[in-house]
Amino acid sequence: MSRDTLTGSRIRERRLIQGMKQADLARRTEISASYLNLIEHNRRRIGGKLLLSIAAVLDVEASALSEGAEAALLASLREVAAGYPDHAIELDRTEDFAGRFPGWAGLIQGLAARQSSLEQTVVSISDRMTHDPQLAEALHDMLGAVTAIRSTSSILVETDAIETEWQDRFHRNINEDAKRLTESSQALVSYLNSEVSDPQEVTTPQDEIEAFFMRHAYAFDDLEQVADTQGAQDIITTLIAEAVDILVSTSAQAQVSTHLSRYWRDAQLLSSEALMDEISKVGLDPARIAQTCGVDLGCVMRRLASLNGNALTPLLKDAGYTLSEEGLGLVVCDSSGTLTFRKPLSGFALPRFGAACPLWVLYQALSRPMMALREVAELKGREIAYFETLAISTPLTSPQFGAVPLFEAHMLILPLASVNQNETRTRPIGTSCRICPRENCQGRREPSILAGGL
Amino acid sequence: MSKHVLLIEDEPNIIEAVSFLLSRDGYNVSTHSNGHDALEVIEAKQPDLLILDVMLPGRSGFDILADLRGRETGEGIPVLMLTARGQTKDREMAQRIGATRFMTKPFSNAEIIETLNEMSLA
């Protein structure tokens, strides 16, 4: 059933809203009530003069009846259905369902949105509970104190003839442990109250850094414009000072300062204008841009990640990317594989704690320095999403005889509309094992909480 | 002759309480509080029974036990592992690498004495 056949449902809805009887509308439009009944139940197509007449009586634009506002609802319902491939959902009757039962359809849409939001919360909290070092340390400390108190107090209660010296010592120990337990439990309650209640709140230096960059949409126009080192440093100092509400820890402030200094150096080597100009000529090809502009590939990737997606979209028509305002994603890691910079993308979440998916091309790059690697990654969420991932590992320092260079790796993430038919293979990847639903993965380190589905 | 128990644990007040308890029950107790050189201490002391905490500064109890079981001198020492985490995967890991018994904190005094007595008789 095509969408225009829902016109009858919309007429019925409008009529009921106005409290008009079916017979009255039929009379005023000079058709029989039974014929109107067939129209309202989408059993008869309607258009032309009759549609205009009904629209006039109902005091609405004819297009509001013929086109409706259900497009978003229908898209949502189809998206929900796609997430349940094992259910025999009558997709060919989606429009009929939405037209006949708009309340139920809206409820399904709302519940799906809520489920998605709750899944994100579960993933975020699970990630924190599993890998948060602060939480693990606090719990370990508390259990240690409880164990000592339990054991010591039992000795005092159950031992008949205990020397005074030992009694004094155990009383002192219990007092110490009780005090320690009080402090650690208060700290834990405070931590959980302020953090787990809102998993998106800032918690660690890495979170602080991410919040800072997100506030600025990963772009700093002032730094792009300034040419001298002192001027850049002044701007960096100001940016950090203005973000004291986010950059609470000195660690985060120091790391942001380092990132921004690098941002400024990158902008000196490759301005936004020059970069956009190159993209308009060669497309989104970091290797060619690096070659033409005489800068290293890591620098090009960092510069590309600072561009607004809306500015890129007109330059990349028909290139197969689905860029939103957030633009491109970027991950940088050091030689240990620790993520040192993260710019996540919708559909390509990055782990907040713990290690990432070992199947990322980022880690292949670490083992193959100086080789530009490309893979189309397949991420399984509610729906499968595809991303072009480009990675390179480069030395952090200039080569010196007798010195082993330290490497870092970059991975640029480009959201794809679909997989090109010429693509020979895609690689299924995840975010991190704990929150990855993939089964039979050779890279798995630990069971997933999503293994049985949420 | 009393059995020699080596307790490797980083909480000083747990060390004191458990040492007192075991001494009163007839065990000869020695202690150590970090994971760095725990293997060397075990090899040097050659205890009849070993109580080993999982979360130790320097090195985890799991790593220490895995290495111990790979050594000829450490193969036969009965080991009671202590952990603040009672998860199934920790128990499975402990069993897999050769722990004799496994106990979750907080434990009762009766529980640890009973367990050690059983281990020393086995």
# chains A, B, ... in the order shown; residues from 1 in each chain; ligands from 1

$ interface_residues --of "chain B" --to "chain A" --cutoff "8 Å" --atoms "only C-alpha atoms" --output "ChimeraX atom specification"
/B:11,13-14,17-18,21,84,105-109

$ select_by_dssp --residues "range 150-329 of chain A" --states "alpha helix (DSSP H)" --output "VMD selection string"
chain A and resid 150 to 158 164 to 195 205 to 215 221 to 225 229 to 241 250 to 269 272 to 282 286 to 293 297 to 305 309 to 312

$ write_last_selection --atoms "C-alpha atoms" --output "short mmCIF file (atom, residue, chain, number, x, y, z; two decimals), in the first residue's frame"
data_model
loop_
_atom_site.label_atom_id
_atom_site.label_comp_id
_atom_site.auth_asym_id
_atom_site.auth_seq_id
_atom_site.Cartn_x
_atom_site.Cartn_y
_atom_site.Cartn_z
CA ARG A 150 35.31 -8.85 60.68
CA SER A 151 38.32 -11.01 61.44
CA THR A 152 39.64 -8.80 64.25
CA SER A 153 36.30 -8.31 65.97
CA SER A 154 35.64 -12.06 65.82
CA ILE A 155 38.94 -12.68 67.54
CA LEU A 156 38.03 -10.24 70.32
CA VAL A 157 34.62 -11.80 70.80
CA GLU A 158 35.51 -15.47 70.40
CA THR A 164 45.82 -7.07 77.13
CA GLU A 165 48.52 -6.10 74.69
CA TRP A 166 46.74 -7.96 71.88
CA GLN A 167 43.37 -6.56 72.93
CA ASP A 168 44.71 -3.01 72.73
CA ARG A 169 46.30 -3.67 69.39
CA PHE A 170 43.11 -5.16 67.91
CA HIS A 171 40.97 -2.34 69.27
CA ARG A 172 43.31 0.13 67.62
CA ASN A 173 43.20 -1.83 64.35
CA ILE A 174 39.40 -1.91 64.36
CA ASN A 175 39.30 1.80 65.01
CA GLU A 176 41.71 2.43 62.09
CA ASP A 177 39.81 0.16 59.72
CA ALA A 178 36.42 1.60 60.71
CA LYS A 179 37.73 5.08 59.97
CA ARG A 180 39.16 3.93 56.65
CA LEU A 181 35.91 2.19 55.79
CA THR A 182 33.92 5.33 56.57
CA GLU A 183 36.14 7.49 54.38
CA SER A 184 36.21 5.08 51.45
CA SER A 185 32.46 4.41 51.56
CA GLN A 186 31.70 8.15 51.70
CA ALA A 187 34.02 8.71 48.75
CA LEU A 188 32.36 5.86 46.87
CA VAL A 189 28.84 7.15 47.53
CA SER A 190 29.85 10.61 46.43
CA TYR A 191 31.46 9.20 43.30
CA LEU A 192 28.47 7.04 42.37
CA ASN A 193 25.96 9.80 43.09
CA SER A 194 27.72 12.26 40.88
CA GLU A 195 28.79 9.93 38.13
CA PRO A 205 41.00 13.40 32.54
CA GLN A 206 40.20 11.65 29.25
CA ASP A 207 36.52 12.56 29.70
CA GLU A 208 37.45 16.13 30.51
CA ILE A 209 39.53 16.36 27.34
CA GLU A 210 36.75 14.90 25.23
CA ALA A 211 34.17 17.26 26.74
CA PHE A 212 36.45 20.22 26.01
CA PHE A 213 36.93 19.27 22.37
CA MET A 214 33.23 18.52 21.94
CA ARG A 215 32.36 21.96 23.29
CA ASP A 221 39.31 29.26 14.56
CA ASP A 222 41.42 31.59 16.69
CA LEU A 223 44.32 29.16 16.56
CA GLU A 224 43.95 28.86 12.79
CA GLN A 225 44.45 32.62 12.38
CA THR A 229 54.19 30.96 18.75
CA GLN A 230 53.58 33.36 21.63
CA GLY A 231 50.22 34.40 20.20
CA ALA A 232 49.21 30.76 19.88
CA GLN A 233 50.32 30.06 23.43
CA ASP A 234 48.27 32.98 24.73
CA ILE A 235 45.17 31.68 22.94
CA ILE A 236 45.75 28.19 24.32
CA THR A 237 46.10 29.55 27.84
CA THR A 238 42.87 31.52 27.43
CA LEU A 239 40.98 28.54 26.01
CA ILE A 240 42.01 26.40 28.96
CA ALA A 241 41.24 29.15 31.49
CA THR A 250 45.81 19.37 35.94
CA SER A 251 46.37 16.23 33.90
CA ALA A 252 43.54 17.15 31.51
CA GLN A 253 44.74 20.75 31.28
CA ALA A 254 48.27 19.62 30.42
CA GLN A 255 47.04 17.16 27.80
CA VAL A 256 44.71 19.72 26.21
CA SER A 257 47.59 22.17 26.05
CA THR A 258 49.68 19.57 24.19
CA HIS A 259 46.82 18.75 21.80
CA LEU A 260 46.15 22.42 21.07
CA SER A 261 49.85 23.17 20.46
CA ARG A 262 49.86 20.37 17.95
CA TYR A 263 46.63 21.70 16.44
CA TRP A 264 48.27 25.08 15.93
CA ARG A 265 51.40 23.55 14.34
CA ASP A 266 49.20 21.46 12.05
CA ALA A 267 47.21 24.56 11.02
CA GLN A 268 50.46 26.34 10.19
CA LEU A 269 51.47 23.48 7.91
CA SER A 272 41.76 24.96 6.44
CA GLU A 273 41.48 26.89 3.18
CA ALA A 274 44.33 24.93 1.55
CA LEU A 275 42.85 21.68 2.83
CA MET A 276 39.36 22.44 1.49
CA ASP A 277 40.91 23.48 -1.81
CA GLU A 278 42.74 20.14 -2.08
CA ILE A 279 39.63 18.18 -1.16
CA SER A 280 37.71 19.94 -3.93
CA LYS A 281 40.41 18.80 -6.37
CA VAL A 282 41.25 15.26 -5.28
CA PRO A 286 44.46 11.91 2.73
CA ALA A 287 47.47 10.29 1.06
CA ARG A 288 47.23 12.49 -2.04
CA ILE A 289 46.61 15.57 0.08
CA ALA A 290 49.67 14.76 2.18
CA GLN A 291 51.78 14.30 -0.94
CA THR A 292 50.58 17.48 -2.63
CA CYS A 293 50.83 19.66 0.46
CA LEU A 297 49.64 11.69 6.74
CA GLY A 298 48.96 11.97 10.48
CA CYS A 299 48.83 15.76 10.16
CA VAL A 300 46.34 15.50 7.27
CA MET A 301 44.15 13.13 9.28
CA ARG A 302 44.13 15.47 12.27
CA ARG A 303 43.28 18.43 10.04
CA LEU A 304 40.49 16.52 8.30
CA ALA A 305 38.99 15.60 11.67
CA GLY A 309 30.85 17.92 8.12
CA ASN A 310 28.45 20.45 6.63
CA ALA A 311 31.35 22.24 4.95
CA LEU A 312 32.68 18.96 3.55
#

$ select_by_dssp --residues "range 73-107 of chain B" --states "strand (DSSP E or B)" --output "PyMOL selection string"
chain B and resi 79-83+101-104

$ residues_around --residues "Gly26 in chain B" --least-positions-apart "4" --cutoff "8 Å" --atoms "only C-alpha atoms" --output "count of residues only"
3
